[in-house]
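First comes the structure, then the notes that go with it.
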Amino acid sequence: MKESIKKPVLAVGPFHPLQEEMEFFQLTVDGEIVTDIDVRISYNHRGIEKISETLQFDQVPYLVSRICGICSASHPLAYVQAVEEIAGITPPERALYVRTIINELERIHSHMLWVGLAGHFIGYDTVFMWAWKYREPVLDLLEEITGNRNNYGNVKIGGCREDVPNEIIGKMLKELDALEKKTDMLTKAVLDDPVLHARLKGVGILSYEDAVKYAVTGPTARGSGVAIDVRRDDPYAAYADLDWNVITQPEGDVFAKAVVRLLEVFESIKIIRQAAKKLPDGPIAVEVKEIPAGEAVGHTEAPRGETFHYVRSDGGNRPVRHKVRAPSFVNVPSFKASCIGEEIPDVTITLAAVDPCYSCTERLAVIDENNKIVHDYETLLKLSREKTAKMKKEML
Amino acid sequence: MSWKIWSLKKSPWVFHVNVGACNNCDIEIVNCLTPKFDIERFGMKLVGSPRHADALLVTGVGTRQAVVRLREVYRQTSKPCVVFIIGACACGTGIFHNGYHVAGPVDKVIKEVDPNAIIAYVPGCPPKPEAIISGVVKALSAI
Ligand code: SF4
């Protein structure tokens, strides 16, 4: 009987001022406390995997950099690594360093972006304005190197499209010095601020066990004490030659995730400095003749976690299958563990804490008018058996 | 010039509609509010409801799920309003033109609801904040 009592549901979305993207949260509430959460996505589904099969191998990086604007260096890199594995190509040394620099610049601007938005969500607009102001020089650097503030599309199969010119390196290091000072100030301001402590500590806790159970990645996992990082665990580009640390925090609350992201900015600055110093001379790309048949996966550590691309080739000039799994796809379900039991005002920041990005996560399920998914495993099996039965009858 | 148009041009409040964008156009829009560009000093402001808005900033390709909501948002916006279509995706679906889930481009969808809608285009992938600001200024001085 008790189940039949309707519980109040708070609907947030699909267009709401909280996040830029469309997503739809249904919060089941009991007074102020959230007792259940349902996330509806797929408003942003564009069918990228299918479009990718219509493009040639060398065109796909420009498509996958548009999966998500903020991870527009990690997605193409993961794809390119998969294709390079199929074809057995080793990119030149300098290209690997250039890839590292671009990816770390991206991580800095993405983490700064998140810190700003987090400040905005809890009504602390000073942090928002500061963080976004400090992020601008990084975008200018990226524009100078690759030609675009976002969506750089700088990797290609066999190397890189644009080099980091030696003239820019001095300027880049100067900008990074300035950025380090500002981030230091921002970090101290955040870590010492009693308001932020009160607002973020102990909120939206994702325990170590839950983090492992939901298989979350990136800063979401590292904020819960799970030390995973593709850059260290399966080094790609030039990460194996560089010296840096994986930042973890044991608490699992929103504050821990903020600390992880802020400290990672310093690590990224460290990586770029070393990469700029070690940057070898030489070409930035090798010529690619053809992609043989085969399949491979490539993965990179995007600012939000592990990005995973699977590519299959049949020896033609287009991928026959291209599968993308972005980090938010595993991070978003962890809302079930972190939001339930929270107050409604705290849910906002908890939802934002994993830095969800829906444009890369969207999947599609076909639903008929009775709200049933048309083709799941069972129905397919049933359809298949029915067809056999029908054919049998016809044959008799 | 009717008084409605006259009042539309002063300190436009905008509502941001993402109908299947990759986030970059959206971030560049938010970037316009931050200290480097700071359009709030001209009285422009992002608002949380289309009913308060003088202008819609639409980004993204217009996926099948989203265009239904976009029509609804356009109906809810107080008229007269200007629709700014921001980014290559929104202007002509861009690189996603042959996607099976793409129902755009956005101007087609808006014109289905209101054939006389005032539409301004800001191309680019993503357009720089300067381009967005200049697009808004040009469009507002043209009407
Ligand atoms: S126009 Fe470019 S930046 Fe804007 S949403 Fe489309 S792909 Fe992203």
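Ordered as shown in the structure tokens, chains take letters A, B, and onward, while each chain numbers its residues from 1 and ligands are numbered from 1 in the order shown.
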For chain B versus ligand 1, which residues have an atom no more than 7 Å away, and what is each residue's nearest atom pair and distance in Å rounded to one decimal, using only C-alpha atoms and all ligand atoms, chain-then-number order, as a tab-separated table?
residue	atom	partner	partner_atom_place_in_ligand_line	distance
B:Ala21	CA	ligand 1	5 (S)	3.7
B:Cys22	CA	ligand 1	8 (Fe)	4.0
B:Asn23	CA	ligand 1	5 (S)	5.9
B:Asn24	CA	ligand 1	3 (S)	4.4
B:Cys25	CA	ligand 1	4 (Fe)	4.2
B:Thr59	CA	ligand 1	5 (S)	6.0
B:Gly60	CA	ligand 1	5 (S)	4.8
B:Val61	CA	ligand 1	6 (Fe)	6.9
B:Gly87	CA	ligand 1	1 (S)	3.8
B:Ala88	CA	ligand 1	1 (S)	4.0
B:Cys89	CA	ligand 1	6 (Fe)	4.1
B:Ala90	CA	ligand 1	1 (S)	6.6
B:Gly94	CA	ligand 1	6 (Fe)	6.9
B:Gly124	CA	ligand 1	1 (S)	6.1
B:Cys125	CA	ligand 1	2 (Fe)	3.6
B:Pro126	CA	ligand 1	3 (S)	3.7
Selection above as a file: N, CA, C and O atoms, as an mmCIF file, in the first residue's frame:
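Final file, result.cif:
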data_model
loop_
_atom_site.group_PDB
_atom_site.id
_atom_site.type_symbol
_atom_site.label_atom_id
_atom_site.label_comp_id
_atom_site.auth_asym_id
_atom_site.auth_seq_id
_atom_site.Cartn_x
_atom_site.Cartn_y
_atom_site.Cartn_z
ATOM 1 N N ALA B 21 24.445 21.316 -28.484
ATOM 2 C CA ALA B 21 25.742 21.895 -28.812
ATOM 3 C C ALA B 21 26.831 21.090 -28.131
ATOM 4 O O ALA B 21 26.562 20.224 -27.312
ATOM 5 N N CYS B 22 28.089 21.408 -28.496
ATOM 6 C CA CYS B 22 29.184 20.660 -27.907
ATOM 7 C C CYS B 22 29.717 21.380 -26.696
ATOM 8 O O CYS B 22 30.784 21.033 -26.212
ATOM 9 N N ASN B 23 29.038 22.399 -26.186
ATOM 10 C CA ASN B 23 29.450 23.121 -24.977
ATOM 11 C C ASN B 23 30.344 24.301 -25.253
ATOM 12 O O ASN B 23 30.462 25.162 -24.408
ATOM 13 N N ASN B 24 31.023 24.295 -26.386
ATOM 14 C CA ASN B 24 31.967 25.380 -26.605
ATOM 15 C C ASN B 24 31.264 26.684 -26.845
ATOM 16 O O ASN B 24 31.632 27.704 -26.281
ATOM 17 N N CYS B 25 30.229 26.633 -27.695
ATOM 18 C CA CYS B 25 29.484 27.859 -27.949
ATOM 19 C C CYS B 25 28.906 28.367 -26.643
ATOM 20 O O CYS B 25 28.891 29.567 -26.394
ATOM 21 N N THR B 59 22.159 27.715 -29.393
ATOM 22 C CA THR B 59 23.365 27.043 -29.864
ATOM 23 C C THR B 59 23.037 25.579 -30.102
ATOM 24 O O THR B 59 22.136 25.033 -29.458
ATOM 25 N N GLY B 60 23.757 24.944 -31.005
ATOM 26 C CA GLY B 60 23.594 23.507 -31.188
ATOM 27 C C GLY B 60 22.787 23.147 -32.410
ATOM 28 O O GLY B 60 22.122 23.970 -33.012
ATOM 29 N N VAL B 61 22.841 21.868 -32.750
ATOM 30 C CA VAL B 61 22.296 21.410 -34.021
ATOM 31 C C VAL B 61 20.780 21.318 -34.036
ATOM 32 O O VAL B 61 20.173 21.320 -35.102
ATOM 33 N N GLY B 87 26.908 29.922 -33.716
ATOM 34 C CA GLY B 87 27.753 28.778 -34.021
ATOM 35 C C GLY B 87 27.391 28.126 -35.340
ATOM 36 O O GLY B 87 26.260 28.218 -35.823
ATOM 37 N N ALA B 88 28.366 27.419 -35.902
ATOM 38 C CA ALA B 88 28.154 26.752 -37.181
ATOM 39 C C ALA B 88 27.068 25.694 -37.071
ATOM 40 O O ALA B 88 26.278 25.503 -38.002
ATOM 41 N N CYS B 89 27.015 25.010 -35.949
ATOM 42 C CA CYS B 89 26.003 23.970 -35.754
ATOM 43 C C CYS B 89 24.605 24.542 -35.881
ATOM 44 O O CYS B 89 23.754 24.007 -36.579
ATOM 45 N N ALA B 90 24.366 25.634 -35.175
ATOM 46 C CA ALA B 90 23.022 26.189 -35.149
ATOM 47 C C ALA B 90 22.688 26.830 -36.485
ATOM 48 O O ALA B 90 21.554 26.744 -36.961
ATOM 49 N N GLY B 94 26.299 22.254 -39.460
ATOM 50 C CA GLY B 94 27.746 22.050 -39.502
ATOM 51 C C GLY B 94 28.174 20.619 -39.779
ATOM 52 O O GLY B 94 27.659 19.937 -40.666
ATOM 53 N N GLY B 124 30.681 30.534 -36.807
ATOM 54 C CA GLY B 124 31.975 30.278 -36.167
ATOM 55 C C GLY B 124 31.889 28.993 -35.379
ATOM 56 O O GLY B 124 30.809 28.558 -35.019
ATOM 57 N N CYS B 125 33.049 28.379 -35.129
ATOM 58 C CA CYS B 125 32.985 27.093 -34.426
ATOM 59 C C CYS B 125 34.084 27.028 -33.394
ATOM 60 O O CYS B 125 35.101 26.456 -33.651
ATOM 61 N N PRO B 126 33.931 27.538 -32.215
ATOM 62 C CA PRO B 126 32.848 28.423 -31.779
ATOM 63 C C PRO B 126 33.167 29.861 -32.153
ATOM 64 O O PRO B 126 34.347 30.196 -32.284
#
Could I get the residues of chain A with an atom no further than 6 Å from an atom of chain B, each paired with its nearest atom pair and that distance in Å to one decimal, using only C-alpha atoms, sorted by chain and residue number, as a tab-separated table?
residue	atom	partner	partner_atom	distance
A:Pro17	CA	B:Gly48	CA	5.1
A:Glu21	CA	B:Asn18	CA	5.8
A:Tyr43	CA	B:Gln65	CA	5.2
A:Asn44	CA	B:Gly20	CA	4.3
A:Arg46	CA	B:His101	CA	5.5
A:Gly47	CA	B:Gly99	CA	5.6
A:Ile51	CA	B:Gly99	CA	5.8
A:Arg66	CA	B:Cys22	CA	5.9
A:Ile67	CA	B:Cys22	CA	5.8
A:Cys68	CA	B:Cys22	CA	4.7
A:Gly69	CA	B:Asn24	CA	4.5
A:Met129	CA	B:Thr34	CA	5.7
A:Lys133	CA	B:Pro35	CA	6.0
A:Ser359	CA	B:Cys22	CA	5.8
Problem set entry | Interatomic distance (Å, one decimal) between atom CA of Glu23 of chain A and atom CA of Ser78 of chain B | 24.0 Å
For this session: Please run DSSP on the backbone and report, as a PyMOL selection string, all residues within segment 8-83 of chain B that come out as alpha helix (DSSP H).
Result: chain B and resi 8-9+24-31+64-76
Exercise. Which one of A:Arg199, A:Lys257, A:Arg304, A:Lys278 sits closest to Val115 of chain A if you count only C-alpha atoms?
Worked result: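 For Val115 of chain A, the nearest of the given residues is A:Lys257.
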